[in-house]
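Colleague: Structure: protein24.txt, compact mmCIF, C-alpha atoms and all ligand atoms.
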```txt
# COMPACT_ATOMS: atom_id res chain seq x y z
CA MET E 174 64.97 97.35 59.21
CA ASN E 175 63.72 94.03 60.51
CA GLY E 176 62.73 94.48 64.17
CA THR E 177 64.27 91.17 65.24
CA ASP E 178 67.70 92.42 64.12
CA THR E 179 67.42 95.27 66.58
CA LEU E 180 68.70 94.82 70.11
CA VAL E 181 66.75 96.92 72.60
CA LEU E 182 68.05 97.49 76.13
CA THR E 183 65.11 98.39 78.34
CA GLY E 184 64.32 99.65 81.81
CA ALA E 185 67.77 101.06 82.55
CA ARG E 186 69.11 104.46 83.56
CA VAL E 187 70.52 105.51 80.20
CA HIS E 188 73.18 108.22 80.58
CA CYS E 189 72.81 110.39 77.47
CA PRO E 190 74.61 113.68 76.71
CA ASP E 191 71.52 115.72 77.60
CA GLY E 192 70.78 113.89 80.82
CA THR E 193 69.79 110.55 82.28
CA LEU E 194 66.72 108.74 80.99
CA ALA E 195 65.22 106.90 83.97
CA GLY E 196 63.52 103.71 82.83
CA GLY E 197 64.87 104.45 79.38
CA TRP E 198 65.64 102.28 76.41
CA LEU E 199 68.41 102.18 73.85
CA SER E 200 68.21 100.34 70.55
CA VAL E 201 71.10 98.98 68.52
CA SER E 202 71.05 98.09 64.84
CA GLY E 203 74.20 96.50 63.51
CA GLU E 204 77.23 98.33 64.89
CA ARG E 205 75.40 101.50 65.83
CA ILE E 206 72.97 103.03 68.29
CA SER E 207 69.74 103.55 66.38
CA ALA E 208 67.66 105.38 68.99
CA VAL E 209 67.27 106.18 72.68
CA GLY E 210 64.14 107.16 74.52
CA THR E 211 61.64 106.63 77.33
CA GLY E 212 58.20 105.11 77.25
CA THR E 213 57.28 102.17 75.07
CA PRO E 214 60.43 100.68 73.54
CA PRO E 215 60.51 99.79 69.84
CA ALA E 216 60.17 96.22 68.57
CA GLY E 217 63.21 94.00 68.62
CA ARG E 218 65.14 91.63 70.87
CA HIS E 219 64.47 93.12 74.30
CA LEU E 220 66.93 92.78 77.17
CA ASP E 221 65.52 93.98 80.48
CA LEU E 222 68.13 95.87 82.48
CA ALA E 223 65.87 97.28 85.19
CA GLY E 224 67.94 98.98 87.89
CA ALA E 225 71.11 99.07 85.81
CA HIS E 226 73.04 102.02 84.47
CA VAL E 227 73.96 102.18 80.78
CA VAL E 228 76.95 104.45 80.17
CA PRO E 229 79.15 105.03 77.12
CA GLY E 230 82.03 102.61 76.55
CA PHE E 231 85.25 103.83 78.17
CA VAL E 232 88.02 105.57 76.26
CA ASP E 233 91.44 105.10 77.90
CA VAL E 234 94.13 107.40 76.50
CA HIS E 235 96.99 106.06 78.62
CA CYS E 236 97.56 102.32 78.99
CA HIS E 237 100.68 100.13 78.80
CA GLY E 238 99.21 96.65 78.94
CA GLY E 239 97.13 94.12 80.83
CA GLY E 240 96.37 90.42 81.22
CA GLY E 241 100.11 89.68 81.21
CA GLY E 242 100.55 91.39 77.82
CA SER E 243 102.46 94.59 77.20
CA PHE E 244 102.48 97.05 74.29
CA THR E 245 106.24 97.44 74.70
CA SER E 246 106.97 93.83 73.74
CA ALA E 247 106.73 94.53 69.99
CA ASP E 248 104.54 91.41 69.88
CA PRO E 249 101.06 91.91 68.39
CA ASP E 250 99.73 88.87 70.30
CA GLU E 251 100.70 90.42 73.63
CA ALA E 252 99.07 93.65 72.51
CA ARG E 253 95.88 91.73 71.67
CA THR E 254 95.87 90.16 75.14
CA ALA E 255 96.11 93.63 76.69
CA ILE E 256 93.33 94.98 74.47
CA GLU E 257 91.00 92.07 75.26
CA THR E 258 91.70 92.36 78.99
CA HIS E 259 90.75 96.03 79.12
CA ARG E 260 87.80 95.49 76.80
CA ARG E 261 86.30 93.06 79.32
CA HIS E 262 86.50 95.94 81.81
CA GLY E 263 84.58 98.29 79.54
CA THR E 264 87.34 100.01 77.56
CA THR E 265 85.94 100.04 74.05
CA SER E 266 88.55 102.51 72.72
CA LEU E 267 92.15 102.18 73.83
CA MET E 268 95.41 104.00 73.23
CA ALA E 269 98.62 101.99 73.51
CA SER E 270 101.26 103.78 75.57
CA LEU E 271 104.96 103.03 75.15
CA VAL E 272 107.45 103.84 77.92
CA SER E 273 110.83 105.43 77.18
CA ALA E 274 113.13 103.26 75.07
CA PRO E 275 115.92 103.78 72.54
CA PRO E 276 114.45 105.25 69.33
CA ASN E 277 115.10 102.10 67.28
CA ALA E 278 113.23 99.99 69.86
CA LEU E 279 110.30 102.42 69.74
CA VAL E 280 110.27 102.13 65.95
CA ASP E 281 109.94 98.32 66.29
CA GLN E 282 107.21 98.66 68.90
CA LEU E 283 105.26 101.08 66.73
CA ALA E 284 105.54 98.72 63.78
CA ALA E 285 104.01 95.91 65.87
CA LEU E 286 101.03 98.14 66.72
CA ARG E 287 100.35 99.49 63.25
CA GLU E 288 97.99 96.77 62.06
CA LEU E 289 96.00 96.89 65.31
CA VAL E 290 95.46 100.60 64.78
CA THR E 291 94.56 100.15 61.12
CA ASP E 292 92.05 97.44 62.09
CA GLY E 293 90.43 99.69 64.69
CA GLU E 294 91.49 97.56 67.64
CA LEU E 295 93.52 100.48 69.02
CA VAL E 296 92.88 104.20 68.62
CA GLY E 297 96.59 104.95 68.28
CA ALA E 298 99.91 105.02 70.07
CA HIS E 299 101.21 107.29 72.81
CA LEU E 300 104.91 107.82 73.34
CA GLU E 301 105.46 108.46 77.04
CA GLY E 302 109.04 109.64 76.61
CA PRO E 303 111.93 109.33 75.92
CA PHE E 304 112.01 113.15 76.11
CA ILE E 305 111.38 113.33 79.86
CA ALA E 306 113.24 114.49 82.96
CA GLU E 307 115.50 112.08 84.81
CA ALA E 308 114.59 113.76 88.11
CA ARG E 309 110.94 112.71 87.63
CA CYS E 310 111.35 109.59 85.51
CA GLY E 311 109.40 107.28 87.83
CA ALA E 312 109.45 103.81 86.27
CA HIS E 313 111.18 104.88 83.05
CA ASP E 314 114.72 103.57 82.47
CA PRO E 315 116.89 106.68 83.11
CA SER E 316 119.61 105.42 80.74
CA VAL E 317 117.40 105.83 77.64
CA LEU E 318 116.11 109.35 78.33
CA ARG E 319 117.21 112.07 75.91
CA GLU E 320 116.57 115.60 74.76
CA PRO E 321 114.21 116.02 71.81
CA ASP E 322 116.58 116.76 68.95
CA ASP E 323 115.09 117.35 65.50
CA ALA E 324 116.49 114.18 63.97
CA THR E 325 115.12 111.83 66.66
CA VAL E 326 111.73 113.52 66.77
CA GLY E 327 111.58 113.36 62.96
CA ALA E 328 112.56 109.68 62.88
CA LEU E 329 109.88 108.75 65.42
CA LEU E 330 107.19 110.78 63.68
CA ASP E 331 108.15 109.18 60.36
CA ALA E 332 108.04 105.69 61.87
CA GLY E 333 104.81 106.40 63.75
CA ASP E 334 103.41 108.27 60.79
CA ASP E 335 99.65 107.97 61.07
CA ILE E 336 99.48 106.06 64.37
CA ILE E 337 101.18 108.30 66.98
CA ARG E 338 98.41 110.35 68.61
CA MET E 339 100.20 111.72 71.68
CA VAL E 340 103.75 112.34 72.92
CA THR E 341 104.59 113.12 76.55
CA LEU E 342 107.60 115.35 77.14
CA ALA E 343 109.22 117.53 79.80
CA PRO E 344 109.13 121.19 78.76
CA GLU E 345 112.40 122.12 80.53
CA LEU E 346 114.51 119.99 78.19
CA THR E 347 116.47 121.72 75.45
CA GLY E 348 114.40 121.68 72.28
CA ALA E 349 111.15 120.80 74.07
CA ILE E 350 109.16 123.93 73.21
CA LYS E 351 110.13 123.67 69.56
CA THR E 352 109.08 120.02 69.65
CA VAL E 353 105.69 120.90 71.15
CA ARG E 354 105.14 123.18 68.15
CA ARG E 355 106.24 120.51 65.72
CA LEU E 356 103.98 117.85 67.27
CA THR E 357 101.01 120.19 67.30
CA GLU E 358 101.57 121.13 63.66
CA SER E 359 101.70 117.39 62.84
CA GLY E 360 98.33 116.82 64.52
CA VAL E 361 99.91 114.95 67.44
CA ILE E 362 98.83 115.86 70.99
CA ALA E 363 101.72 117.28 73.00
CA ALA E 364 101.38 116.19 76.63
CA ILE E 365 103.40 117.46 79.57
CA GLY E 366 104.65 114.94 82.06
CA HIS E 367 107.55 113.37 83.93
CA THR E 368 108.81 116.91 84.42
CA ASP E 369 110.64 118.99 86.99
CA ALA E 370 109.74 122.23 85.22
CA VAL E 371 108.83 125.43 87.00
CA ALA E 372 105.60 127.25 86.18
CA GLU E 373 107.07 129.54 83.49
CA GLN E 374 108.47 126.62 81.53
CA VAL E 375 105.16 124.78 81.70
CA ARG E 376 103.24 127.85 80.58
CA ALA E 377 105.58 128.26 77.62
CA ALA E 378 104.77 124.71 76.53
CA VAL E 379 101.02 125.31 76.80
CA ASP E 380 101.40 128.55 74.84
CA ALA E 381 103.27 126.52 72.20
CA GLY E 382 100.33 124.09 71.90
CA ALA E 383 100.57 121.43 74.64
CA THR E 384 97.05 120.39 75.69
CA VAL E 385 97.38 117.43 78.06
CA ALA E 386 98.83 116.83 81.53
CA THR E 387 100.12 113.26 81.69
CA HIS E 388 98.85 111.75 84.95
CA LEU E 389 98.62 115.04 86.85
CA PHE E 390 100.53 114.95 90.17
CA ASN E 391 102.43 111.75 89.36
CA GLY E 392 105.89 112.11 87.85
CA MET E 393 106.04 115.87 88.26
CA ARG E 394 107.23 118.57 90.65
CA PRO E 395 104.48 118.95 93.26
CA LEU E 396 102.32 122.02 93.77
CA HIS E 397 103.88 124.64 96.03
CA HIS E 398 102.19 127.91 96.90
CA ARG E 399 105.28 129.91 95.93
CA GLU E 400 106.17 127.74 92.91
CA PRO E 401 103.02 126.40 91.22
CA GLY E 402 105.07 124.12 88.97
CA PRO E 403 103.36 121.82 86.47
CA VAL E 404 100.42 121.02 88.75
CA GLY E 405 99.49 124.64 89.38
CA VAL E 406 99.70 125.66 85.74
CA LEU E 407 98.20 122.57 84.10
CA LEU E 408 95.29 122.21 86.51
CA ASP E 409 94.30 125.85 86.17
CA ASP E 410 94.76 126.48 82.43
CA ASP E 411 91.50 126.12 80.49
CA ARG E 412 93.41 124.86 77.44
CA VAL E 413 94.66 121.75 79.22
CA THR E 414 93.06 118.35 79.81
CA VAL E 415 94.31 116.65 82.95
CA GLU E 416 94.75 112.90 83.21
CA LEU E 417 94.06 111.40 86.64
CA ILE E 418 94.93 107.87 87.75
CA CYS E 419 91.87 107.09 89.85
CA ASP E 420 93.11 103.94 91.61
CA LEU E 421 93.20 105.63 95.07
CA VAL E 422 96.92 104.72 95.26
CA HIS E 423 98.46 107.27 92.88
CA VAL E 424 96.34 110.19 94.08
CA HIS E 425 94.40 110.57 97.33
CA PRO E 426 90.61 110.65 96.81
CA ASP E 427 90.39 114.18 98.28
CA VAL E 428 92.94 115.39 95.74
CA LEU E 429 91.16 113.57 92.92
CA ARG E 430 88.02 115.42 93.92
CA LEU E 431 89.79 118.75 94.12
CA ALA E 432 91.37 118.30 90.70
CA ALA E 433 88.33 116.87 88.92
CA ARG E 434 86.06 119.58 90.30
CA HIS E 435 88.47 122.34 89.36
CA ALA E 436 89.14 121.04 85.84
CA GLY E 437 85.49 120.11 85.37
CA ARG E 438 83.79 117.84 82.86
CA SER E 439 85.41 119.46 79.83
CA ARG E 440 89.01 119.02 81.02
CA THR E 441 89.22 115.84 83.11
CA VAL E 442 90.06 112.37 81.81
CA LEU E 443 90.53 109.26 83.89
CA VAL E 444 93.32 106.98 82.67
CA THR E 445 94.49 103.60 83.89
CA ASP E 446 98.24 103.90 83.13
CA ALA E 447 97.83 100.13 83.51
CA MET E 448 100.75 97.77 83.03
CA SER E 449 100.91 94.11 82.08
CA ALA E 450 100.07 92.79 85.56
CA THR E 451 96.55 94.22 85.34
CA ASP E 452 93.91 91.55 85.89
CA VAL E 453 96.50 88.83 86.63
CA ALA E 454 98.26 87.66 89.79
CA ASP E 455 100.79 89.64 91.83
CA GLY E 456 104.44 88.87 91.08
CA ARG E 457 107.40 90.02 89.01
CA TYR E 458 106.73 91.79 85.71
CA ARG E 459 108.56 94.02 83.25
CA LEU E 460 107.72 97.60 82.31
CA GLY E 461 109.89 98.37 79.31
CA ASN E 462 113.44 97.58 80.48
CA LEU E 463 112.72 97.62 84.18
CA ASP E 464 111.74 94.90 86.63
CA VAL E 465 108.55 95.67 88.48
CA GLN E 466 107.19 94.07 91.63
CA VAL E 467 103.43 93.82 91.98
CA ALA E 468 102.06 93.25 95.49
CA GLY E 469 98.42 93.73 96.45
CA GLY E 470 97.84 95.09 92.95
CA VAL E 471 100.36 97.93 93.50
CA ALA E 472 103.24 97.99 91.00
CA THR E 473 106.59 99.42 92.10
CA VAL E 474 110.22 99.44 90.95
CA PRO E 475 111.99 97.48 93.72
CA ASP E 476 115.22 99.56 93.58
CA THR E 477 113.56 102.94 93.99
CA GLY E 478 110.10 102.21 95.40
CA SER E 479 108.68 104.36 92.61
CA LEU E 480 105.14 103.51 91.48
CA ALA E 481 105.34 101.73 88.12
CA GLY E 482 102.02 102.26 86.44
CA SER E 483 98.89 100.74 87.91
CA THR E 484 96.79 97.60 87.74
CA LEU E 485 93.69 99.73 87.33
CA THR E 486 90.85 99.15 84.89
CA MET E 487 88.45 101.83 83.71
CA ASP E 488 85.36 100.31 85.36
CA VAL E 489 87.09 100.53 88.74
CA ALA E 490 88.28 104.07 87.99
CA PHE E 491 84.69 105.07 87.17
CA ARG E 492 83.37 103.60 90.39
CA ASN E 493 86.17 105.11 92.51
CA LEU E 494 85.49 108.58 91.13
CA VAL E 495 81.86 108.36 92.23
CA HIS E 496 82.12 106.33 95.43
CA ASP E 497 85.45 107.56 96.83
CA ALA E 498 86.03 110.98 95.29
CA GLY E 499 82.34 111.88 95.57
CA LEU E 500 81.70 113.06 92.03
CA ASP E 501 78.49 112.54 90.04
CA ILE E 502 77.91 109.75 87.56
CA ALA E 503 77.70 112.40 84.85
CA ASP E 504 81.18 113.58 85.84
CA ALA E 505 82.44 110.00 85.58
CA VAL E 506 80.79 109.56 82.17
CA ALA E 507 82.51 112.73 80.93
CA ALA E 508 85.90 111.73 82.36
CA THR E 509 85.85 108.13 81.13
CA ALA E 510 84.17 108.49 77.75
CA SER E 511 82.90 111.73 76.28
CA HIS E 512 85.85 113.98 77.04
CA PRO E 513 88.61 111.51 76.12
CA ALA E 514 86.74 110.81 72.87
CA THR E 515 86.67 114.55 72.16
CA LEU E 516 90.36 114.84 73.03
CA LEU E 517 91.21 112.14 70.48
CA GLY E 518 88.83 113.53 67.88
CA ILE E 519 86.74 110.33 67.81
CA ASP E 520 83.64 111.86 69.40
CA THR E 521 81.70 111.70 66.14
CA GLU E 522 82.03 107.89 66.35
CA THR E 523 82.04 107.01 70.05
CA GLY E 524 82.07 108.41 73.59
CA SER E 525 78.39 109.11 74.11
CA LEU E 526 75.04 107.36 73.88
CA SER E 527 73.69 109.16 70.84
CA PRO E 528 71.88 107.74 67.80
CA GLY E 529 74.22 107.19 64.89
CA LEU E 530 77.28 106.60 67.02
CA LEU E 531 78.93 103.20 67.44
CA ALA E 532 77.13 101.00 69.95
CA ASP E 533 79.96 101.11 72.49
CA LEU E 534 78.49 100.92 75.96
CA VAL E 535 78.91 99.56 79.45
CA VAL E 536 76.23 98.19 81.77
CA LEU E 537 76.77 98.81 85.49
CA ASP E 538 74.66 97.52 88.36
CA ASP E 539 73.23 99.73 91.07
CA ASP E 540 76.57 99.56 92.93
CA LEU E 541 78.40 100.62 89.72
CA ARG E 542 79.96 97.19 89.18
CA LEU E 543 80.34 96.17 85.57
CA THR E 544 77.89 93.57 84.33
CA GLY E 545 78.03 94.09 80.56
CA VAL E 546 80.12 95.48 77.72
CA LEU E 547 78.85 96.03 74.19
CA ARG E 548 81.39 97.07 71.55
CA ARG E 549 80.31 98.03 68.07
CA GLY E 550 77.02 96.27 68.62
CA SER E 551 78.51 92.94 69.84
CA TRP E 552 78.61 91.74 73.43
CA VAL E 553 82.09 91.43 74.92
CA VAL E 554 80.46 90.68 78.28
CA GLU E 555 76.77 89.85 78.02
CA PRO E 556 74.70 90.97 81.01
CA LEU E 557 72.06 88.76 82.52
CA PRO E 558 68.57 90.19 82.25
CA THR E 559 67.41 91.63 85.56
CA ALA E 560 63.85 90.36 85.15
ZN ZN J 1 102.35 105.70 81.71
```
Show this structure as structure tokens.

Modeller:
Amino acid sequence: MNGTDTLVLTGARVHCPDGTLAGGWLSVSGERISAVGTGTPPAGRHLDLAGAHVVPGFVDVHCHGGGGGSFTSADPDEARTAIETHRRHGTTSLMASLVSAPPNALVDQLAALRELVTDGELVGAHLEGPFIAEARCGAHDPSVLREPDDATVGALLDAGDDIIRMVTLAPELTGAIKTVRRLTESGVIAAIGHTDAVAEQVRAAVDAGATVATHLFNGMRPLHHREPGPVGVLLDDDRVTVELICDLVHVHPDVLRLAARHAGRSRTVLVTDAMSATDVADGRYRLGNLDVQVAGGVATVPDTGSLAGSTLTMDVAFRNLVHDAGLDIADAVAATASHPATLLGIDTETGSLSPGLLADLVVLDDDLRLTGVLRRGSWVVEPLPTA
């Protein structure tokens, strides 16, 4: 390998799986990380990042859009806008989430995403509904919700074929437990969310194979000491990964801390649940079929006041988890990159700073503000050298 083809990031705090290398270096050849270490860096194009943190590129498993673009529009150009917007904020692997819609509309939306998944621009698609509870539907159009009958589930799985990676459903619906089994057997993650279930119903779904809590606390019956409900069961069961929306609006920082500490590094993932208004001005937007008002970056459904996704980006979620919820940087690395990559089964390609993996990484300054994004060895945002 010609040394000048190798990019070498030097002088940074490099957050590797086995610990943080202070004053470390990381070298990139082509699309991949070639080595990490401390001491004298190898030959190559050096970029001095003294004082900065280098962390793995973020993996967001729950995102509806951004930059004015939405994954529900069935328009690949809008999807590209959303992908590029989140990429600039450090998300190097992204799942496209679709809100509840009539099955034929979901089939069209999946078709519009297929090529982006095949090309590696998206990791896959997530159906957030339509098999969810009206009582906890949040910003989903209640008129399109339905029970998971075999024919509809089969039609969606056929249409989504290789690209559906996760389906969120409410376990109390007729047919839900059977559907959890079917999804799991098909290699699709069954996630529990937008549910009014009691603890027993939730436990039955986990026993049947459900492994994810869709934005824990939001869109579900709250924790009660005599009825643990979804929160009590999902947060405490070692088989379940909990999603947390770390925008400090959806969940109080003290509760983020409680949940992330209880679930730990091997079960916590931060998600944006971001909608199209992310990274653009406040105003009127659409989330699926519903009008959404965005004011001060907070998205709500005007008729009900229900929160309608977020305008969060993963870099802000990372920083909030450390600065506001008081967790360690290593916890934030696990929750934004390594654990979601493991959840999606892409951890042999991305999600940590290890030689051989894709060179997907984020550079953060001392205050944890994003200054650089490298995806597959190419700068999306190029940091300025610090010296
Ligand atoms: Zn969502």

Colleague: Here is a test: counting only C-alpha atoms, which residue of E:Ala208, E:Leu220, E:Leu342, E:Leu534 is nearest to Leu180 (chain E)?

Modeller: E:Leu220

Colleague: For Leu463 (chain E), which of E:Val272, E:Cys419, E:Leu199, E:Ala252 is the closest residue, counting only C-alpha atoms?

Modeller: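 Smallest distance to Leu463 (chain E) is found for E:Val272.
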
Colleague: Could you tell me, as a list of chain:residue names, which residues have any atom at most 10 Å from (91.4, 103.7, 72.5), counting all atoms listed in the file?

Modeller: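 Those within range, by chain then number, are E:Phe231, E:Val232, E:Asp233, E:Val234, E:His235, E:Cys236, E:Ile256, E:Arg260, E:Thr264, E:Thr265, E:Ser266, E:Leu267, E:Met268, E:Ala269, E:Val290, E:Gly293, E:Glu294, E:Leu295, E:Val296, E:Gly297, E:Ala298, E:Pro513, E:Ala514, E:Leu517, E:Ile519.
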
Colleague: Just write the chosen residues, C-alpha atoms, as a short mmCIF file (atom, residue, chain, number, x, y, z; two decimals), keeping the file's coordinate frame.

Modeller:
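What landed in out15.cif:
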```
data_model
loop_
_atom_site.label_atom_id
_atom_site.label_comp_id
_atom_site.auth_asym_id
_atom_site.auth_seq_id
_atom_site.Cartn_x
_atom_site.Cartn_y
_atom_site.Cartn_z
CA PHE E 231 85.25 103.83 78.17
CA VAL E 232 88.02 105.57 76.26
CA ASP E 233 91.44 105.10 77.90
CA VAL E 234 94.13 107.40 76.50
CA HIS E 235 96.99 106.06 78.62
CA CYS E 236 97.56 102.32 78.99
CA ILE E 256 93.33 94.98 74.47
CA ARG E 260 87.80 95.49 76.80
CA THR E 264 87.34 100.01 77.56
CA THR E 265 85.94 100.04 74.05
CA SER E 266 88.55 102.51 72.72
CA LEU E 267 92.15 102.18 73.83
CA MET E 268 95.41 104.00 73.23
CA ALA E 269 98.62 101.99 73.51
CA VAL E 290 95.46 100.60 64.78
CA GLY E 293 90.43 99.69 64.69
CA GLU E 294 91.49 97.56 67.64
CA LEU E 295 93.52 100.48 69.02
CA VAL E 296 92.88 104.20 68.62
CA GLY E 297 96.59 104.95 68.28
CA ALA E 298 99.91 105.02 70.07
CA PRO E 513 88.61 111.51 76.12
CA ALA E 514 86.74 110.81 72.87
CA LEU E 517 91.21 112.14 70.48
CA ILE E 519 86.74 110.33 67.81
#
```

Colleague: I'd like the contact shell of region 536-541 of chain E - 6 Å cut-off, all atoms listed in the file, skipping same-chain residues fewer than 4 positions apart - returned as a list of chain:residue names.

Modeller: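 Contacts, in chain order: E:Ala225, E:His226, E:Val227, E:Arg492, E:Gly545.
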
Colleague: Taking only C-alpha atoms and all ligand atoms into account, list the residues no farther than 10 Å from ligand ZN 1 (chain J), as a PyMOL selection string.

Modeller: chain E and resi 234-238+269-273+299-302+311-313+341+366-367+387-388+391-392+418+444-448+460+481-483

Colleague: Need the shell around Met393 (chain E): protein/DNA/RNA residues with any atom at most 12 Å away, counting only C-alpha atoms. Skip same-chain ones fewer than 5 positions apart. Format as a VMD selection string?

Modeller: chain E and resid 305 to 311 342 to 345 365 to 372 375 386 to 388 401 to 407

Colleague: Rounded to one decimal place, report the CA of Gly224 (chain E)-CA of Glu257 (chain E) distance in Å.

Modeller: 27.2 Å

Colleague: Just checking: using only C-alpha atoms, which residue out of E:Val465, E:Ala432, E:Val489, E:Leu182 ends up closest to Glu555 (chain E)?

Modeller: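 Going through E:Val465, E:Ala432, E:Val489, E:Leu182 one by one, the smallest distance to Glu555 (chain E) is for E:Leu182.
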
Colleague: With distances taken over all atoms listed in the file, which residue among E:Ala332, E:Ala216, E:Leu480, E:Ala284 lies nearest Ser246 (chain E)?

Modeller: E:Ala284

Colleague: What is the distance, in Å and to one decimal place, between CA of Leu346 (chain E) and CA of Glu320 (chain E)?

Modeller: 5.9 Å

Colleague: Compare E:Pro190, E:Gly239, E:Pro558, E:Gly518 by their minimum atom-to-atom distance to Gly360 (chain E), counting all atoms listed in the file, and give me the closest one.

Modeller: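 Of E:Pro190, E:Gly239, E:Pro558, E:Gly518, the one nearest Gly360 (chain E) is E:Gly518, counting all atoms listed in the file.
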
Colleague: Rounded to one decimal place, report the CA of Arg548 (chain E)-CA of Arg186 (chain E) distance in Å.

Modeller: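 Computing the Euclidean distance for CA of Arg548 (chain E) and CA of Arg186 (chain E) yields 18.7 Å.
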
Colleague: Determine the nearest neighbour of Asp281 (chain E) from the options E:Ala247, E:Asp420, E:Met487, E:Ser202, counting all atoms listed in the file.

Modeller: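 Between E:Ala247, E:Asp420, E:Met487, E:Ser202, the residue approaching Asp281 (chain E) most closely is E:Ala247.
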
Colleague: Could you name the residues that touch region 466-477 of chain E at 7 Å or less, counting only C-alpha atoms, but leaving out those on the same chain fewer than 6 positions away, as a short mmCIF file (atom, residue, chain, number, x, y, z; two decimals) with C-alpha atoms, in the frame of the given file?

Modeller:
```cif
data_model
loop_
_atom_site.label_atom_id
_atom_site.label_comp_id
_atom_site.auth_asym_id
_atom_site.auth_seq_id
_atom_site.Cartn_x
_atom_site.Cartn_y
_atom_site.Cartn_z
CA ALA E 312 109.45 103.81 86.27
CA ASP E 455 100.79 89.64 91.83
CA GLY E 456 104.44 88.87 91.08
CA ARG E 457 107.40 90.02 89.01
CA TYR E 458 106.73 91.79 85.71
CA SER E 483 98.89 100.74 87.91
CA THR E 484 96.79 97.60 87.74
#
```

Colleague: For Leu330 (chain E), find every residue with an atom within 12 Å (counting all atoms listed in the file), except residues of its own chain fewer than 6 positions away, and show them as a ChimeraX atom specification.

Modeller: /E:276,279-280,283,298-300,321,323-324,336-340,352,355-361

Colleague: Would you mind completing region 407-419 of chain E to N, CA, C and O atoms and writing the output as a PDB file, keeping the file's coordinate frame?

Modeller:
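Done, and the output landed in part.pdb:
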```pdb
ATOM      1  N   LEU E 407      98.990 123.475  84.945  1.00  0.00           N
ATOM      2  CA  LEU E 407      98.200 122.570  84.100  1.00  0.00           C
ATOM      3  C   LEU E 407      96.770 122.416  84.621  1.00  0.00           C
ATOM      4  O   LEU E 407      95.811 122.336  83.851  1.00  0.00           O
ATOM      5  N   LEU E 408      96.631 122.375  85.936  1.00  0.00           N
ATOM      6  CA  LEU E 408      95.290 122.210  86.510  1.00  0.00           C
ATOM      7  C   LEU E 408      94.447 123.459  86.281  1.00  0.00           C
ATOM      8  O   LEU E 408      93.230 123.376  86.134  1.00  0.00           O
ATOM      9  N   ASP E 409      95.077 124.613  86.237  1.00  0.00           N
ATOM     10  CA  ASP E 409      94.300 125.850  86.170  1.00  0.00           C
ATOM     11  C   ASP E 409      94.093 126.384  84.760  1.00  0.00           C
ATOM     12  O   ASP E 409      93.247 127.251  84.552  1.00  0.00           O
ATOM     13  N   ASP E 410      94.841 125.898  83.775  1.00  0.00           N
ATOM     14  CA  ASP E 410      94.760 126.480  82.430  1.00  0.00           C
ATOM     15  C   ASP E 410      93.631 125.822  81.639  1.00  0.00           C
ATOM     16  O   ASP E 410      93.619 124.606  81.438  1.00  0.00           O
ATOM     17  N   ASP E 411      92.699 126.645  81.173  1.00  0.00           N
ATOM     18  CA  ASP E 411      91.500 126.120  80.490  1.00  0.00           C
ATOM     19  C   ASP E 411      91.815 125.386  79.186  1.00  0.00           C
ATOM     20  O   ASP E 411      90.953 124.717  78.630  1.00  0.00           O
ATOM     21  N   ARG E 412      93.037 125.530  78.692  1.00  0.00           N
ATOM     22  CA  ARG E 412      93.410 124.860  77.440  1.00  0.00           C
ATOM     23  C   ARG E 412      93.867 123.420  77.657  1.00  0.00           C
ATOM     24  O   ARG E 412      94.107 122.699  76.689  1.00  0.00           O
ATOM     25  N   VAL E 413      93.998 123.029  78.926  1.00  0.00           N
ATOM     26  CA  VAL E 413      94.660 121.750  79.220  1.00  0.00           C
ATOM     27  C   VAL E 413      93.694 120.717  79.798  1.00  0.00           C
ATOM     28  O   VAL E 413      92.921 121.015  80.699  1.00  0.00           O
ATOM     29  N   THR E 414      93.770 119.511  79.262  1.00  0.00           N
ATOM     30  CA  THR E 414      93.060 118.350  79.810  1.00  0.00           C
ATOM     31  C   THR E 414      93.988 117.644  80.790  1.00  0.00           C
ATOM     32  O   THR E 414      95.157 117.399  80.464  1.00  0.00           O
ATOM     33  N   VAL E 415      93.469 117.333  81.972  1.00  0.00           N
ATOM     34  CA  VAL E 415      94.310 116.650  82.950  1.00  0.00           C
ATOM     35  C   VAL E 415      93.927 115.172  83.068  1.00  0.00           C
ATOM     36  O   VAL E 415      92.762 114.823  83.223  1.00  0.00           O
ATOM     37  N   GLU E 416      94.944 114.328  82.957  1.00  0.00           N
ATOM     38  CA  GLU E 416      94.750 112.900  83.210  1.00  0.00           C
ATOM     39  C   GLU E 416      94.865 112.657  84.716  1.00  0.00           C
ATOM     40  O   GLU E 416      95.764 113.198  85.365  1.00  0.00           O
ATOM     41  N   LEU E 417      93.992 111.806  85.237  1.00  0.00           N
ATOM     42  CA  LEU E 417      94.060 111.400  86.640  1.00  0.00           C
ATOM     43  C   LEU E 417      94.028 109.883  86.720  1.00  0.00           C
ATOM     44  O   LEU E 417      93.205 109.245  86.060  1.00  0.00           O
ATOM     45  N   ILE E 418      94.942 109.320  87.497  1.00  0.00           N
ATOM     46  CA  ILE E 418      94.930 107.870  87.750  1.00  0.00           C
ATOM     47  C   ILE E 418      94.075 107.664  89.000  1.00  0.00           C
ATOM     48  O   ILE E 418      94.493 107.970  90.112  1.00  0.00           O
ATOM     49  N   CYS E 419      92.886 107.121  88.785  1.00  0.00           N
ATOM     50  CA  CYS E 419      91.870 107.090  89.850  1.00  0.00           C
ATOM     51  C   CYS E 419      91.846 105.710  90.516  1.00  0.00           C
ATOM     52  O   CYS E 419      90.799 105.080  90.630  1.00  0.00           O
TER      53      CYS E 419
END
```
